[in-house]
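*Asks:* input-v9.txt (compact mmCIF, C-alpha atoms (C1' of nucleotides)) pasted underneath:
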```txt
# COMPACT_ATOMS: atom_id res chain seq x y z
CA MET A 1 131.06 106.77 99.02
CA THR A 2 128.71 109.66 99.49
CA THR A 3 125.29 109.95 101.05
CA ARG A 4 123.94 112.12 98.28
CA GLY A 5 121.07 110.51 96.50
CA GLU A 6 119.94 108.55 99.49
CA ALA A 7 117.14 111.00 100.08
CA MET A 8 115.82 110.32 96.61
CA GLN A 9 116.28 106.58 97.08
CA ALA A 10 114.24 106.76 100.28
CA GLU A 11 111.46 108.60 98.49
CA VAL A 12 111.38 106.09 95.68
CA LEU A 13 111.30 103.22 98.17
CA THR A 14 108.42 104.85 100.03
CA VAL A 15 106.46 105.19 96.83
CA LEU A 16 107.08 101.56 95.95
CA LYS A 17 106.16 100.34 99.41
CA SER A 18 102.87 102.19 99.26
CA LYS A 19 101.82 99.59 96.68
CA ASN A 20 101.79 95.82 96.85
CA ALA A 21 102.10 95.77 93.09
CA ALA A 22 104.87 96.50 90.66
CA MET A 23 105.22 100.02 89.36
CA SER A 24 106.89 101.19 86.21
CA ALA A 25 109.63 103.78 86.51
CA TYR A 26 107.25 106.28 84.94
CA ASP A 27 104.50 105.45 87.44
CA ILE A 28 106.99 106.32 90.16
CA LEU A 29 108.02 109.41 88.28
CA ASP A 30 104.43 110.63 88.17
CA VAL A 31 104.05 110.24 91.93
CA LEU A 32 107.33 112.01 92.63
CA ARG A 33 106.36 114.94 90.46
CA GLY A 34 104.08 115.98 93.30
CA ASP A 35 107.06 117.01 95.42
CA HIS A 36 109.58 117.45 92.61
CA PRO A 37 107.89 119.13 89.66
CA LYS A 38 111.01 119.03 87.51
CA ILE A 39 112.13 115.47 88.17
CA ALA A 40 113.29 113.51 85.10
CA PRO A 41 113.61 109.80 84.25
CA PRO A 42 117.36 109.38 84.92
CA THR A 43 116.88 110.46 88.53
CA VAL A 44 114.33 107.72 89.07
CA TYR A 45 116.35 105.08 87.24
CA ARG A 46 119.46 105.96 89.22
CA ALA A 47 117.61 105.66 92.51
CA LEU A 48 116.06 102.38 91.40
CA ASN A 49 119.42 100.93 90.33
CA ALA A 50 120.99 101.90 93.64
CA LEU A 51 118.09 100.32 95.55
CA ILE A 52 118.32 97.16 93.46
CA GLU A 53 122.03 96.85 94.29
CA LYS A 54 121.23 97.21 97.97
CA GLY A 55 118.51 94.60 97.68
CA GLY A 56 115.64 96.85 98.72
CA VAL A 57 113.99 96.69 95.34
CA HIS A 58 113.59 94.04 92.66
CA ARG A 59 113.10 94.53 89.00
CA VAL A 60 110.29 92.45 87.49
CA GLU A 61 111.70 91.60 84.09
CA SER A 62 108.48 90.31 82.61
CA LEU A 63 106.68 93.55 83.47
CA ASN A 64 109.46 96.07 82.93
CA ALA A 65 108.57 97.26 86.40
CA PHE A 66 109.79 97.39 89.98
CA VAL A 67 108.66 96.16 93.42
CA ALA A 68 109.80 96.87 96.96
CA CYS A 69 111.35 93.84 98.59
CA ASN A 70 109.16 93.41 101.66
CA SER A 71 110.52 90.10 102.82
CA GLN A 72 112.10 90.29 106.27
CA GLU A 73 114.29 87.27 105.65
CA HIS A 74 116.69 88.01 102.88
CA HIS A 75 116.35 85.02 100.63
CA HIS A 76 118.34 86.84 98.00
CA ASP A 77 121.31 84.71 98.84
CA HIS A 78 119.54 81.57 97.73
CA GLY A 79 117.45 83.54 95.30
CA SER A 80 113.70 83.78 95.31
CA VAL A 81 110.72 83.12 93.14
CA MET A 82 108.34 85.92 92.27
CA SER A 83 104.67 85.23 91.83
CA ILE A 84 102.76 87.85 89.89
CA CYS A 85 98.99 88.01 89.92
CA ASP A 86 97.84 89.12 86.48
CA ASP A 87 94.43 89.92 87.92
CA CYS A 88 95.17 92.27 90.85
CA GLY A 89 98.86 92.96 90.21
CA LEU A 90 100.07 91.56 93.54
CA VAL A 91 103.72 90.55 93.47
CA GLU A 92 105.17 88.28 96.14
CA GLU A 93 108.54 86.72 96.78
CA ASN A 94 108.69 83.08 97.71
CA ALA A 95 111.70 81.35 99.17
CA ALA A 96 112.64 78.24 97.24
CA PRO A 97 116.06 76.93 98.20
CA GLU A 98 115.54 73.40 96.88
CA LEU A 99 114.47 74.83 93.56
CA PHE A 100 117.78 76.61 93.21
CA ASP A 101 119.62 73.42 94.05
CA SER A 102 117.69 71.69 91.30
CA LEU A 103 118.52 74.50 88.87
CA ALA A 104 122.19 74.40 89.75
CA GLY A 105 122.19 70.68 89.03
CA ILE A 106 120.55 71.00 85.64
CA LEU A 107 122.70 73.89 84.44
CA GLY A 108 125.88 72.60 86.04
CA LYS A 109 125.58 69.44 84.01
CA ALA A 110 125.56 71.58 80.89
CA GLY A 111 128.67 73.40 82.10
CA PHE A 112 126.78 76.64 82.57
CA GLU A 113 127.94 78.97 85.33
CA ALA A 114 124.89 80.80 86.67
CA GLN A 115 125.15 84.36 87.90
CA ARG A 116 121.67 85.81 87.97
CA HIS A 117 118.31 84.08 88.24
CA VAL A 118 115.08 85.46 86.84
CA ILE A 119 112.20 83.34 88.09
CA GLU A 120 108.82 84.95 87.65
CA VAL A 121 105.56 83.06 87.62
CA HIS A 122 102.44 84.71 86.26
CA GLY A 123 99.02 83.54 87.29
CA VAL A 124 96.24 84.29 89.75
CA CYS A 125 96.80 84.83 93.46
CA SER A 126 94.78 83.10 96.16
CA ASP A 127 92.54 86.12 96.73
CA CYS A 128 91.69 86.44 93.06
CA VAL A 129 91.22 82.69 92.56
CA THR A 130 88.39 82.60 95.07
CA ASP A 131 86.98 85.91 93.95
CA ASP A 132 84.35 85.47 91.24
CA SER A 133 84.42 89.08 90.12
CA VAL A 134 86.65 90.13 87.27
CA GLY A 135 88.25 93.31 86.12
CA ASP A 136 89.67 94.21 89.51
CA ARG A 137 93.08 94.72 87.98
CA THR A 138 94.68 97.78 89.53
CA SER A 139 95.35 100.32 86.80
CA MET B 1 91.86 80.73 59.50
CA THR B 2 93.89 82.17 56.70
CA THR B 3 97.37 81.45 55.40
CA ARG B 4 98.22 85.08 54.92
CA GLY B 5 101.08 86.19 57.06
CA GLU B 6 102.66 82.78 57.20
CA ALA B 7 105.20 83.85 54.60
CA MET B 8 106.35 86.65 56.87
CA GLN B 9 106.37 84.32 59.86
CA ALA B 10 108.61 81.94 57.94
CA GLU B 11 110.99 84.75 57.07
CA VAL B 12 111.18 85.92 60.67
CA LEU B 13 111.81 82.38 61.84
CA THR B 14 114.60 81.95 59.29
CA VAL B 15 116.26 85.13 60.49
CA LEU B 16 116.03 84.01 64.11
CA LYS B 17 117.35 80.54 63.31
CA SER B 18 120.38 82.04 61.58
CA LYS B 19 121.56 83.11 65.05
CA ASN B 20 122.08 81.07 68.20
CA ALA B 21 121.51 84.22 70.17
CA ALA B 22 118.48 86.30 70.99
CA MET B 23 117.57 89.12 68.65
CA SER B 24 115.51 92.20 69.38
CA ALA B 25 112.50 92.86 67.20
CA TYR B 26 114.39 95.76 65.69
CA ASP B 27 117.42 93.58 64.91
CA ILE B 28 115.05 91.34 62.96
CA LEU B 29 113.49 94.36 61.35
CA ASP B 30 116.87 95.54 60.09
CA VAL B 31 117.60 92.18 58.49
CA LEU B 32 114.19 92.02 56.84
CA ARG B 33 114.60 95.48 55.37
CA GLY B 34 116.95 93.83 52.88
CA ASP B 35 114.03 92.16 51.11
CA HIS B 36 111.26 94.45 52.36
CA PRO B 37 112.46 98.04 52.29
CA LYS B 38 109.23 99.43 53.71
CA ILE B 39 108.62 96.92 56.50
CA ALA B 40 107.46 98.41 59.82
CA PRO B 41 107.56 97.24 63.47
CA PRO B 42 103.98 95.94 63.75
CA THR B 43 104.61 93.48 60.93
CA VAL B 44 107.53 91.99 62.83
CA TYR B 45 105.73 91.98 66.17
CA ARG B 46 102.70 90.29 64.64
CA ALA B 47 104.82 87.59 63.08
CA LEU B 48 106.70 87.12 66.36
CA ASN B 49 103.49 86.86 68.37
CA ALA B 50 102.07 84.29 65.98
CA LEU B 51 105.28 82.26 66.15
CA ILE B 52 105.30 82.45 69.93
CA GLU B 53 101.74 81.10 70.06
CA LYS B 54 102.75 78.22 67.83
CA GLY B 55 105.78 77.54 70.00
CA GLY B 56 108.41 78.16 67.35
CA VAL B 57 109.80 81.21 69.10
CA HIS B 58 110.31 82.25 72.70
CA ARG B 59 110.49 85.71 74.12
CA VAL B 60 113.40 86.32 76.46
CA GLU B 61 111.87 88.67 79.00
CA SER B 62 115.10 89.72 80.63
CA LEU B 63 116.55 90.82 77.28
CA ASN B 64 113.41 92.15 75.60
CA ALA B 65 114.40 89.86 72.75
CA PHE B 66 113.43 86.69 70.93
CA VAL B 67 114.96 83.30 70.13
CA ALA B 68 114.04 80.46 67.82
CA CYS B 69 113.02 77.35 69.72
CA ASN B 70 115.48 74.80 68.38
CA SER B 71 114.65 71.98 70.75
CA GLN B 72 113.33 68.91 68.95
CA GLU B 73 111.48 67.69 71.99
CA HIS B 74 108.80 70.11 72.93
CA HIS B 75 109.33 70.61 76.60
CA HIS B 76 106.95 73.53 76.51
CA ASP B 77 104.32 71.36 78.09
CA HIS B 78 106.36 70.97 81.23
CA GLY B 79 108.03 74.32 80.69
CA SER B 80 111.70 74.92 80.19
CA VAL B 81 114.59 76.84 81.66
CA MET B 82 116.51 79.28 79.52
CA SER B 83 120.20 79.76 80.06
CA ILE B 84 121.61 82.97 78.66
CA CYS B 85 125.34 83.50 78.24
CA ASP B 86 126.09 87.14 78.96
CA ASP B 87 129.46 86.74 77.27
CA CYS B 88 128.64 85.29 73.83
CA GLY B 89 124.86 85.72 73.81
CA LEU B 90 124.08 82.01 73.43
CA VAL B 91 120.57 81.11 74.59
CA GLU B 92 119.63 77.52 75.29
CA GLU B 93 116.54 75.76 76.55
CA ASN B 94 116.92 73.15 79.24
CA ALA B 95 114.29 70.64 80.19
CA ALA B 96 113.60 70.68 83.93
CA PRO B 97 110.44 68.77 84.81
CA GLU B 98 111.31 68.22 88.48
CA LEU B 99 111.94 71.93 88.85
CA PHE B 100 108.42 72.67 87.73
CA ASP B 101 107.05 70.15 90.19
CA SER B 102 108.97 71.92 92.91
CA LEU B 103 107.63 75.28 91.79
CA ALA B 104 104.08 73.99 91.67
CA GLY B 105 104.51 72.78 95.25
CA ILE B 106 105.83 76.07 96.56
CA LEU B 107 103.24 78.26 94.84
CA GLY B 108 100.40 75.84 95.37
CA LYS B 109 100.93 76.05 99.12
CA ALA B 110 100.47 79.82 98.84
CA GLY B 111 97.25 79.29 96.88
CA PHE B 112 98.73 80.72 93.72
CA GLU B 113 97.48 79.35 90.42
CA ALA B 114 100.36 79.48 87.94
CA GLN B 115 99.72 80.16 84.27
CA ARG B 116 103.02 81.24 82.73
CA HIS B 117 106.57 80.58 83.86
CA VAL B 118 109.49 82.88 83.14
CA ILE B 119 112.70 81.10 84.13
CA GLU B 120 115.81 82.70 82.73
CA VAL B 121 119.28 82.20 84.13
CA HIS B 122 122.06 84.58 83.18
CA GLY B 123 125.69 83.55 83.42
CA VAL B 124 128.50 82.15 81.35
CA CYS B 125 128.17 79.17 79.03
CA SER B 126 130.57 76.23 79.01
CA ASP B 127 132.45 77.54 75.96
CA CYS B 128 133.01 80.95 77.49
CA VAL B 129 133.90 79.60 80.94
CA THR B 130 136.90 77.74 79.54
CA ASP B 131 137.77 80.53 77.16
CA ASP B 132 140.23 83.01 78.70
CA SER B 133 139.59 85.75 76.18
CA VAL B 134 137.06 88.43 76.89
CA GLY B 135 135.00 90.80 74.85
CA ASP B 136 133.75 88.14 72.47
CA ARG B 137 130.20 89.26 73.03
CA THR B 138 128.34 89.24 69.73
CA SER B 139 127.00 92.72 68.96
C1' DT C 1 79.89 88.41 41.25
C1' DG C 2 78.85 90.62 45.35
C1' DA C 3 78.65 90.76 50.51
C1' DC C 4 81.31 89.64 54.37
C1' DT C 5 85.24 88.64 57.39
C1' DT C 6 89.87 88.66 58.67
C1' DG C 7 94.00 90.52 59.48
C1' DC C 8 97.84 93.00 57.07
C1' DG C 9 100.50 97.33 56.06
C1' DT C 10 100.99 101.80 57.40
C1' DT C 11 101.05 105.95 60.13
C1' DA C 12 101.47 107.73 64.22
C1' DC C 13 102.38 107.55 68.82
C1' DA C 14 103.12 105.47 73.58
C1' DT C 15 106.25 103.45 76.78
C1' DT C 16 110.67 102.26 78.64
C1' DA C 17 115.49 103.48 79.12
C1' DT C 18 120.03 105.80 78.64
C1' DA C 19 124.01 108.89 76.69
C1' DA C 20 126.22 112.96 77.60
C1' DC C 21 127.32 117.22 79.66
C1' DG C 22 127.72 120.90 82.94
C1' DT C 23 127.53 121.57 87.69
C1' DA C 24 126.88 121.27 92.61
C1' DA C 25 127.84 118.70 96.66
C1' DA C 26 130.95 116.04 99.52
C1' DT C 27 135.82 114.83 100.42
C1' DT C 28 140.62 115.42 100.76
C1' DA C 29 144.96 117.89 100.69
C1' DC C 30 147.35 121.47 102.11
C1' DG D 1 139.80 127.57 105.81
C1' DT D 2 140.26 127.15 101.03
C1' DA D 3 141.63 124.99 96.76
C1' DA D 4 141.77 120.65 94.27
C1' DT D 5 139.46 116.48 93.46
C1' DT D 6 135.94 113.24 93.08
C1' DT D 7 131.34 111.82 92.69
C1' DA D 8 127.05 111.58 91.00
C1' DC D 9 123.05 114.64 90.21
C1' DG D 10 119.85 117.31 87.23
C1' DT D 11 118.91 118.26 82.69
C1' DT D 12 118.42 117.85 77.81
C1' DA D 13 118.04 115.10 74.28
C1' DT D 14 117.46 110.91 72.12
C1' DA D 15 117.52 105.81 71.73
C1' DA D 16 115.13 101.43 72.05
C1' DT D 17 111.01 98.82 72.55
C1' DG D 18 106.18 98.19 71.67
C1' DT D 19 101.19 99.19 70.20
C1' DA D 20 96.60 101.69 68.78
C1' DA D 21 93.96 102.49 65.04
C1' DC D 22 92.49 102.84 60.41
C1' DG D 23 91.83 101.75 55.62
C1' DC D 24 92.31 98.31 52.40
C1' DA D 25 93.43 93.91 50.29
C1' DA D 26 93.05 88.99 50.44
C1' DG D 27 90.40 85.20 51.33
C1' DT D 28 85.49 83.11 52.12
C1' DC D 29 81.02 82.12 51.21
C1' DA D 30 76.29 82.84 49.28
```
Show the structure stored in the file as structure tokens.

*Replies:*
Amino acid sequence: MTTRGEAMQAEVLTVLKSKNAAMSAYDILDVLRGDHPKIAPPTVYRALNALIEKGGVHRVESLNAFVACNSQEHHHDHGSVMSICDDCGLVEENAAPELFDSLAGILGKAGFEAQRHVIEVHGVCSDCVTDDSVGDRTS
Amino acid sequence: MTTRGEAMQAEVLTVLKSKNAAMSAYDILDVLRGDHPKIAPPTVYRALNALIEKGGVHRVESLNAFVACNSQEHHHDHGSVMSICDDCGLVEENAAPELFDSLAGILGKAGFEAQRHVIEVHGVCSDCVTDDSVGDRTS
DNA sequence: TGACTTGCGTTACATTATAACGTAAATTAC
DNA sequence: GTAATTTACGTTATAATGTAACGCAAGTCA
């Protein structure tokens, strides 16, 4: 195990944390080009994959994008539910242990052995629900 | 409302139904090129989108692919859980009404108004769990 | 039949992601 | 300390997925 690459991972994580919303790999790439004019996609994808393995970043499958995992408690063990506001782009993780129990029951009955859970709910966050205005979508 | 395009939708659905697994839009495209040598991506995507609206096809977000909805009962109203076998590619829909109640509770507390649920569980299906052999993955 | 609407086919391109290769950095052996 | 080894990084190139936009053909209606 080396420590090479961790500098880049830290930079990517900083970029992601500067937003509450998901960013595409190419969004991140554009930001990083400020400091690294010659940076290329594989560098970003490698950093992202390393961060995902460590649990510091989640991939949002339904957006083909990435978010920093800001939750103090690591509910990765039980899994978590992502809520995605389609209005402002806010992405949040919600703990939901009983939901995973329920899932395990349903799929276990079918003889399915679960390994990875993708639970992403699109909708409108509390801020945007009460906000009459429209078109606030970031980007 | 016109009936144009429904022929293509029917063809796409037939292709999808010929597999128990998810297919990418370009997989479908390749099959359709047999009968339609000059077919292009937008034709396939338009047919897929129309089929998805009607409920005959689901998009698998975590695979960037599509499956025919083979369930007789339409649990789309309550939503459904997709199980995806990473070994053989099998994709199945599982009814899970109590799970959606649980989700509604969790997100409702946070003030989130859900509109679309993406619930996809990757793992190994019952056939592949009991099957010692490996590398059976279709494609 | 002619005016109008709808959406299809096509071209071109945008977006997302990875294969592959040479090399530089870190590690280990000596 | 230096050579051998391993690791993974940067780079180039390309693959895979998805869509904008335009002109025209099919259907609709007067």

*Asks:* Extract, using all atoms listed in the file, all DNA, RNA and protein residues at most 7 Å from stretch 111-128 of chain A, discarding same-chain residues fewer than 3 positions from it, and format them as JSON, numbers by chain.

*Replies:* {"A": [81, 82, 83, 84, 85, 86, 87, 107, 108, 131], "B": [111, 112, 113, 114, 115, 116, 117, 118, 119, 120, 121, 122, 123, 124, 125, 126]}

*Asks:* Hey, which of D:DA8, D:DC29, D:DT2, D:DG18 ends up closest to chain B? Count all atoms listed in the file.

*Replies:*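 Of D:DA8, D:DC29, D:DT2, D:DG18, the one nearest chain B is D:DG18, counting all atoms listed in the file.
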
*Asks:* Taking a cut-off of 10 Å and counting all atoms listed in the file, can you build a table that, for each residue of chain D near chain B, reports the nearest atom pair and how far apart they are in Å (one decimal), sorted by chain then residue number, as JSON lines?

*Replies:*
```
{"residue": "D:DA16", "atom": "C1'", "partner": "B:Tyr26", "partner_atom": "CA", "distance": 8.6}
{"residue": "D:DT17", "atom": "C1'", "partner": "B:Asn64", "partner_atom": "CA", "distance": 7.7}
{"residue": "D:DG18", "atom": "C1'", "partner": "B:Tyr45", "partner_atom": "CA", "distance": 8.3}
{"residue": "D:DT19", "atom": "C1'", "partner": "B:Pro42", "partner_atom": "CA", "distance": 7.7}
{"residue": "D:DA26", "atom": "C1'", "partner": "B:Arg4", "partner_atom": "CA", "distance": 7.9}
{"residue": "D:DG27", "atom": "C1'", "partner": "B:Thr2", "partner_atom": "CA", "distance": 7.1}
{"residue": "D:DT28", "atom": "C1'", "partner": "B:Thr2", "partner_atom": "CA", "distance": 9.6}
```

*Asks:* When you draw a straight line from atom C1' of D:DA15 to atom C1' of C:DA17, how long is it in Å?

*Replies:*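 Spanning atom C1' of D:DA15 to atom C1' of C:DA17 is a straight-line distance of 8.0 Å.
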
*Asks:* Could you name the residues that touch C:DC30 at 12 Å or less, counting only C-alpha atoms (C1' of nucleotides), but leaving out those on the same chain fewer than 5 positions away, as a list of chain:residue names?

*Replies:* D:DG1, D:DT2, D:DA3, D:DA4

*Asks:* When you draw a straight line from atom CA of B:Phe100 to atom CA of A:Ala96, how long is it in Å?

*Replies:*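 A separation of 11.8 Å between them.
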
*Asks:* Would you kindly report the residues of chain C within 10 Å of chain B, using only C-alpha atoms (C1' of nucleotides), as a ChimeraX atom specification?

*Replies:* /C:6-11

*Asks:* Please measure the separation of atom C1' of D:DT14 and atom C1' of C:DA19, giving the value in Å to one decimal.

*Replies:* 8.2 Å
